[in-house]
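Down below is the structure, laid out as structure tokens.
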Amino acid sequence: MAPILGIWASGAQPAANATSFESIATVSVGSGGAADVEFTSIPADYTHLQLRVIGRTAKASGNDYAKLTFNNVGGTSYATHYLWGTGSSVQFHAFTSSSFIYLDFVTGTSQLSNSFSAYVLDILDYANTNKNKTVRWLGGQDLNGDGVIILQSGLFNNTAAISSIKLVPNSATNWLQYSHFALYGIKGAA
Amino acid sequence: MPATYEPIATTTLGSAAADVSFTSITGTYTDLVLIAVTQIGSSGDYLGVQFNSDTGSNYSRTRLSGNGTTASSERDTSQVRFNFYAQPTSNFAVNILNIMNYSNTTTFKTVLCRTDQAALSTNAYAGLYRSTSAITSIKLIGPSNFSSGSTFTLYGIKSA
């Protein structure tokens, strides 16, 4: 790779094997917004998935949350645990036996213009058919005087391989333009 | 499918330095990941981060921290840089910054950061850089020199 930066490497270290972190699919929300974002036909070629998100919804007041589901399964198959900081206090919460995982504190349209919540989700051992699935992520929003930083984990109480992922704003409004969802696969050793 | 998590540049300090900069960052990628393993020489405290040589009051961040005794949260608003605590004068801190959609010219930039130093604390941050400009340079600054042996590696992640 050409040295494109002002400072060049003294011993460049790849974060992962050159072929182990691959882009699977991306959704960039356009000017019309999107009622949901869904990745389907996810191949079982990887060991883990990583979903990288910036999101903002049309919720009219305050922040929103998104409903995260896998394989279009609902019922009581999910749980979510939270630990977050508000800028002045530390909070914690949990939902169990719910019909989705809570991807919380999504920036709403009334909040600071041009700002988006961000999330980096790891979906571990997603193709394993002997394990229930665990998701964990770092996320948050800062609004220059408001916002949160959050550590969350989610359970999909199901041993099926994950082949689809869906994110729906709870407010029943749209994901707004420039929201961006990028799904990556991480391979293990052959 | 193409590999997409690529090292862009690394610098390892052979001697103490007041700052480290990555410049001429192209808009090739979707997100940047910066891993800084740092020790601050005489007075450890924070890792300062500025984008695009912007010294205006355009940086804010919200912090969640635990030090083995207490958990706490605090916020910086309208700062001239991000301040990521707590950086040690002994041992090294590991800082991992996710700089999301850094080349988008329509949105402000959200940064997610983890800063960990086992002898001090573990920290998580959500940061906001209130600029719609694409990020083309990153400057890392400490309250005193970064110690020899500190490393700074910038990666690019490109989505399909």
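Just so we're on the same page: first chain in the structure tokens is A, next is B, and so on; residues restart at 1 for each chain, and ligands are numbered from 1 in the order they show up.
Excluding region 54-61 of chain B itself and same-chain residues fewer than 6 positions from it, the residues having an atom within 9 Å of it are Gly87, Gln141, Asp142, Leu143, Asn144, Gly145, Gly147, Val148 and Ile149 of chain A; Glu74, Arg75, Asp76, Thr77, Ser78, Gln79, Val80, Arg81, Phe82, Asn83, Phe84, Val111, Tyr125, Ala126, Gly127, Leu128, Tyr129, Arg130 and Ser131 of chain B, counting only C-alpha atoms.
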I need the chosen residues saved as a JSON list (two decimals), in the first residue's frame, with N, CA and C atoms.
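Full text of out33.json as output:
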[["chain", "number", "residue", "atom", "x", "y", "z"],
["A", 87, "GLY", "N", -23.84, 11.58, 31.55],
["A", 87, "GLY", "CA", -23.09, 12.83, 31.69],
["A", 87, "GLY", "C", -23.06, 13.31, 33.12],
["A", 141, "GLN", "N", -24.60, 8.77, 21.83],
["A", 141, "GLN", "CA", -24.80, 10.02, 21.13],
["A", 141, "GLN", "C", -24.27, 11.13, 22.04],
["A", 142, "ASP", "N", -23.61, 12.08, 21.49],
["A", 142, "ASP", "CA", -23.28, 13.29, 22.24],
["A", 142, "ASP", "C", -23.86, 14.46, 21.48],
["A", 143, "LEU", "N", -24.52, 15.35, 22.23],
["A", 143, "LEU", "CA", -25.25, 16.46, 21.61],
["A", 143, "LEU", "C", -24.77, 17.80, 22.15],
["A", 144, "ASN", "N", -23.54, 17.84, 22.60],
["A", 144, "ASN", "CA", -22.94, 19.06, 23.15],
["A", 144, "ASN", "C", -23.81, 19.65, 24.26],
["A", 145, "GLY", "N", -23.93, 18.89, 25.32],
["A", 145, "GLY", "CA", -24.73, 19.31, 26.46],
["A", 145, "GLY", "C", -25.78, 18.29, 26.84],
["A", 147, "GLY", "N", -26.81, 13.78, 25.96],
["A", 147, "GLY", "CA", -26.32, 12.58, 25.32],
["A", 147, "GLY", "C", -26.00, 11.48, 26.30],
["A", 148, "VAL", "N", -25.62, 10.34, 25.77],
["A", 148, "VAL", "CA", -25.30, 9.18, 26.58],
["A", 148, "VAL", "C", -24.16, 8.41, 25.93],
["A", 149, "ILE", "N", -23.49, 7.64, 26.76],
["A", 149, "ILE", "CA", -22.57, 6.60, 26.29],
["A", 149, "ILE", "C", -23.08, 5.31, 26.89],
["B", 74, "GLU", "N", -19.56, 11.85, 33.32],
["B", 74, "GLU", "CA", -19.41, 13.31, 33.22],
["B", 74, "GLU", "C", -19.34, 13.70, 31.76],
["B", 75, "ARG", "N", -19.39, 15.02, 31.52],
["B", 75, "ARG", "CA", -19.49, 15.50, 30.15],
["B", 75, "ARG", "C", -18.62, 16.73, 29.95],
["B", 76, "ASP", "N", -18.02, 16.83, 28.78],
["B", 76, "ASP", "CA", -17.37, 18.05, 28.30],
["B", 76, "ASP", "C", -18.21, 18.64, 27.19],
["B", 77, "THR", "N", -18.42, 19.94, 27.21],
["B", 77, "THR", "CA", -19.12, 20.60, 26.11],
["B", 77, "THR", "C", -18.27, 21.72, 25.55],
["B", 78, "SER", "N", -18.43, 21.96, 24.26],
["B", 78, "SER", "CA", -17.78, 23.10, 23.57],
["B", 78, "SER", "C", -16.30, 23.23, 23.94],
["B", 79, "GLN", "N", -15.59, 22.16, 23.76],
["B", 79, "GLN", "CA", -14.15, 22.15, 24.03],
["B", 79, "GLN", "C", -13.37, 22.36, 22.73],
["B", 80, "VAL", "N", -12.10, 22.66, 22.87],
["B", 80, "VAL", "CA", -11.25, 22.88, 21.70],
["B", 80, "VAL", "C", -10.59, 21.58, 21.24],
["B", 81, "ARG", "N", -10.88, 20.50, 21.93],
["B", 81, "ARG", "CA", -10.41, 19.17, 21.53],
["B", 81, "ARG", "C", -11.20, 18.16, 22.36],
["B", 82, "PHE", "N", -11.17, 16.90, 21.94],
["B", 82, "PHE", "CA", -11.63, 15.82, 22.81],
["B", 82, "PHE", "C", -10.58, 15.58, 23.88],
["B", 83, "ASN", "N", -11.01, 15.38, 25.10],
["B", 83, "ASN", "CA", -10.12, 14.98, 26.19],
["B", 83, "ASN", "C", -10.56, 13.61, 26.68],
["B", 84, "PHE", "N", -9.73, 12.61, 26.39],
["B", 84, "PHE", "CA", -10.03, 11.25, 26.81],
["B", 84, "PHE", "C", -9.13, 10.89, 27.98],
["B", 111, "VAL", "N", -17.88, 10.00, 17.46],
["B", 111, "VAL", "CA", -16.72, 9.18, 17.80],
["B", 111, "VAL", "C", -17.07, 8.33, 19.01],
["B", 125, "TYR", "N", -16.57, 6.46, 25.90],
["B", 125, "TYR", "CA", -16.95, 7.82, 25.52],
["B", 125, "TYR", "C", -17.78, 7.81, 24.24],
["B", 126, "ALA", "N", -18.76, 8.70, 24.20],
["B", 126, "ALA", "CA", -19.37, 9.10, 22.94],
["B", 126, "ALA", "C", -18.98, 10.55, 22.72],
["B", 127, "GLY", "N", -18.40, 10.84, 21.57],
["B", 127, "GLY", "CA", -17.95, 12.19, 21.28],
["B", 127, "GLY", "C", -18.61, 12.74, 20.04],
["B", 128, "LEU", "N", -18.70, 14.06, 19.98],
["B", 128, "LEU", "CA", -19.26, 14.72, 18.80],
["B", 128, "LEU", "C", -18.33, 15.82, 18.34],
["B", 129, "TYR", "N", -17.98, 15.78, 17.07],
["B", 129, "TYR", "CA", -17.22, 16.85, 16.43],
["B", 129, "TYR", "C", -18.21, 17.61, 15.56],
["B", 130, "ARG", "N", -18.50, 18.85, 15.95],
["B", 130, "ARG", "CA", -19.55, 19.59, 15.27],
["B", 130, "ARG", "C", -19.00, 20.28, 14.03],
["B", 131, "SER", "N", -18.77, 19.48, 13.03],
["B", 131, "SER", "CA", -18.33, 19.98, 11.74],
["B", 131, "SER", "C", -18.82, 19.01, 10.68]]
DSSP strand (DSSP E) selection over region 64-124 of chain B, as a ChimeraX atom specification: /B:64-66,71-79,82-85,93-99,109-117,121-124
I need the chosen residues saved as a compact mmCIF listing (two decimals), in the first residue's frame, with C-alpha atoms.
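Result file follows (selection_1.txt):
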# COMPACT_ATOMS: atom_id res chain seq x y z
CA LEU B 64 -18.77 6.53 31.52
CA SER B 65 -16.02 5.47 33.91
CA GLY B 66 -15.29 2.87 36.55
CA ALA B 71 -18.82 4.25 38.59
CA SER B 72 -19.39 7.75 37.28
CA SER B 73 -20.35 9.79 34.26
CA GLU B 74 -19.41 13.31 33.22
CA ARG B 75 -19.49 15.50 30.15
CA ASP B 76 -17.37 18.05 28.30
CA THR B 77 -19.12 20.60 26.11
CA SER B 78 -17.78 23.10 23.57
CA GLN B 79 -14.15 22.15 24.03
CA PHE B 82 -11.63 15.82 22.81
CA ASN B 83 -10.12 14.98 26.19
CA PHE B 84 -10.03 11.25 26.81
CA TYR B 85 -9.03 10.40 30.38
CA ALA B 93 -3.21 3.17 28.32
CA VAL B 94 -5.02 1.60 25.39
CA ASN B 95 -7.30 3.95 23.49
CA ILE B 96 -9.52 2.68 20.67
CA LEU B 97 -11.41 5.35 18.75
CA ASN B 98 -14.10 4.58 16.19
CA ILE B 99 -14.48 7.65 14.00
CA LYS B 109 -18.98 13.28 13.25
CA THR B 110 -19.66 10.87 16.10
CA VAL B 111 -16.72 9.18 17.80
CA LEU B 112 -16.94 6.15 20.08
CA CYS B 113 -13.90 5.62 22.26
CA ARG B 114 -12.73 3.13 24.85
CA THR B 115 -9.81 4.08 27.10
CA ASP B 116 -8.49 1.44 29.45
CA GLN B 117 -5.62 1.33 31.88
CA SER B 121 -9.82 2.89 35.29
CA THR B 122 -11.91 1.71 32.37
CA ASN B 123 -13.73 4.34 30.32
CA ALA B 124 -16.14 4.64 27.44
Shell around Asp64 (chain A) at 8 Å using only C-alpha atoms, local window under 4 positions removed, as a PyMOL selection string: chain A and resi 57+59+104-108+169-171
Selection: 7 Å around His81 (chain A), only C-alpha atoms, excl. self and same-chain fewer than 6 positions, as a list in words: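 Everything that qualifies: His93, Ala94, Phe95, Gln152, Ser153 and Gly154 of chain A.
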Write out, as a PDB file, in the first residue's frame, the residues just selected, with C-alpha atoms.
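Saved result, selection-v1.pdb, follows:
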ATOM      1  CA  HIS A  93     -31.561  -1.524  33.127  1.00  0.00           C
ATOM      2  CA  ALA A  94     -32.701  -4.791  31.590  1.00  0.00           C
ATOM      3  CA  PHE A  95     -35.525  -6.171  29.500  1.00  0.00           C
ATOM      4  CA  GLN A 152     -25.331  -2.993  25.987  1.00  0.00           C
ATOM      5  CA  SER A 153     -25.641  -6.711  25.504  1.00  0.00           C
ATOM      6  CA  GLY A 154     -28.441  -8.611  23.872  1.00  0.00           C
TER       7      GLY A 154
END
Pick from A:Leu112, A:Val73, A:Val90, A:Ala190 nearest to chain B, counting only C-alpha atoms: A:Val90
Pick from B:Thr23, B:Thr11, B:Leu47, B:Thr4, whichever lies nearest to Ile141 (chain B) using only C-alpha atoms: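 So, comparing all the options, the nearest one is B:Leu47.
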Among the residues B:Asn145, B:Lys139, B:Asn91, B:Gly156, the one that comes closest to Val37 (chain B) [using only C-alpha atoms]: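 Selected residue with least distance to Val37 (chain B): B:Asn91.
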Determine, counting only C-alpha atoms, which protein, DNA and RNA residues have an atom within 7 Å of an atom of region 41-52 of chain A; residues of the same chain fewer than 6 positions away are not included. Present the result as an mmCIF file with N, CA and C atoms, in the first residue's frame.
data_model
loop_
_atom_site.group_PDB
_atom_site.id
_atom_site.type_symbol
_atom_site.label_atom_id
_atom_site.label_comp_id
_atom_site.auth_asym_id
_atom_site.auth_seq_id
_atom_site.Cartn_x
_atom_site.Cartn_y
_atom_site.Cartn_z
ATOM 1 N N TYR A 119 -23.161 3.218 16.759
ATOM 2 C CA TYR A 119 -23.110 1.909 17.415
ATOM 3 C C TYR A 119 -22.136 1.010 16.665
ATOM 4 N N VAL A 120 -21.384 0.244 17.426
ATOM 5 C CA VAL A 120 -20.565 -0.822 16.845
ATOM 6 C C VAL A 120 -20.981 -2.112 17.546
ATOM 7 N N LEU A 121 -21.709 -2.954 16.820
ATOM 8 C CA LEU A 121 -22.275 -4.183 17.393
ATOM 9 C C LEU A 121 -21.473 -5.390 16.922
ATOM 10 N N ASP A 122 -21.151 -6.256 17.842
ATOM 11 C CA ASP A 122 -20.541 -7.536 17.521
ATOM 12 C C ASP A 122 -21.571 -8.640 17.746
ATOM 13 N N ILE A 123 -21.815 -9.400 16.710
ATOM 14 C CA ILE A 123 -22.780 -10.505 16.769
ATOM 15 C C ILE A 123 -21.946 -11.781 16.704
ATOM 16 N N LEU A 124 -21.842 -12.428 17.849
ATOM 17 C CA LEU A 124 -20.807 -13.450 18.031
ATOM 18 C C LEU A 124 -21.322 -14.841 17.706
ATOM 19 N N ASP A 125 -20.486 -15.572 16.969
ATOM 20 C CA ASP A 125 -20.812 -16.977 16.643
ATOM 21 C C ASP A 125 -22.200 -17.097 16.025
ATOM 22 N N TYR A 126 -22.496 -16.190 15.127
ATOM 23 C CA TYR A 126 -23.852 -16.018 14.610
ATOM 24 C C TYR A 126 -24.361 -17.227 13.818
ATOM 25 N N ALA A 127 -23.438 -18.010 13.255
ATOM 26 C CA ALA A 127 -23.853 -19.128 12.403
ATOM 27 C C ALA A 127 -23.851 -20.456 13.140
ATOM 28 N N SER A 163 -29.516 -15.443 9.785
ATOM 29 C CA SER A 163 -29.420 -15.200 8.348
ATOM 30 C C SER A 163 -30.051 -13.874 7.943
ATOM 31 N N SER A 164 -30.719 -13.221 8.898
ATOM 32 C CA SER A 164 -31.231 -11.883 8.593
ATOM 33 C C SER A 164 -31.251 -11.031 9.858
ATOM 34 N N PHE A 181 -25.805 1.931 7.689
ATOM 35 C CA PHE A 181 -25.705 0.616 8.339
ATOM 36 C C PHE A 181 -24.775 -0.241 7.497
ATOM 37 N N ALA A 182 -23.676 -0.650 8.071
ATOM 38 C CA ALA A 182 -22.689 -1.443 7.326
ATOM 39 C C ALA A 182 -22.445 -2.749 8.058
ATOM 40 N N LEU A 183 -22.675 -3.856 7.366
ATOM 41 C CA LEU A 183 -22.516 -5.196 7.947
ATOM 42 C C LEU A 183 -21.226 -5.825 7.426
ATOM 43 N N TYR A 184 -20.424 -6.313 8.367
ATOM 44 C CA TYR A 184 -19.154 -6.930 8.027
ATOM 45 C C TYR A 184 -19.122 -8.348 8.588
ATOM 46 N N GLY A 185 -18.341 -9.196 7.932
ATOM 47 C CA GLY A 185 -18.077 -10.541 8.428
ATOM 48 C C GLY A 185 -16.634 -10.683 8.838
ATOM 49 N N ILE A 186 -16.440 -11.394 9.938
ATOM 50 C CA ILE A 186 -15.079 -11.641 10.453
ATOM 51 C C ILE A 186 -14.846 -13.143 10.434
ATOM 52 N N LYS A 187 -13.830 -13.552 9.734
ATOM 53 C CA LYS A 187 -13.545 -14.977 9.609
ATOM 54 C C LYS A 187 -12.603 -15.450 10.703
ATOM 55 N N GLY A 188 -12.765 -16.701 11.077
ATOM 56 C CA GLY A 188 -11.777 -17.361 11.912
ATOM 57 C C GLY A 188 -10.744 -18.049 11.028
#
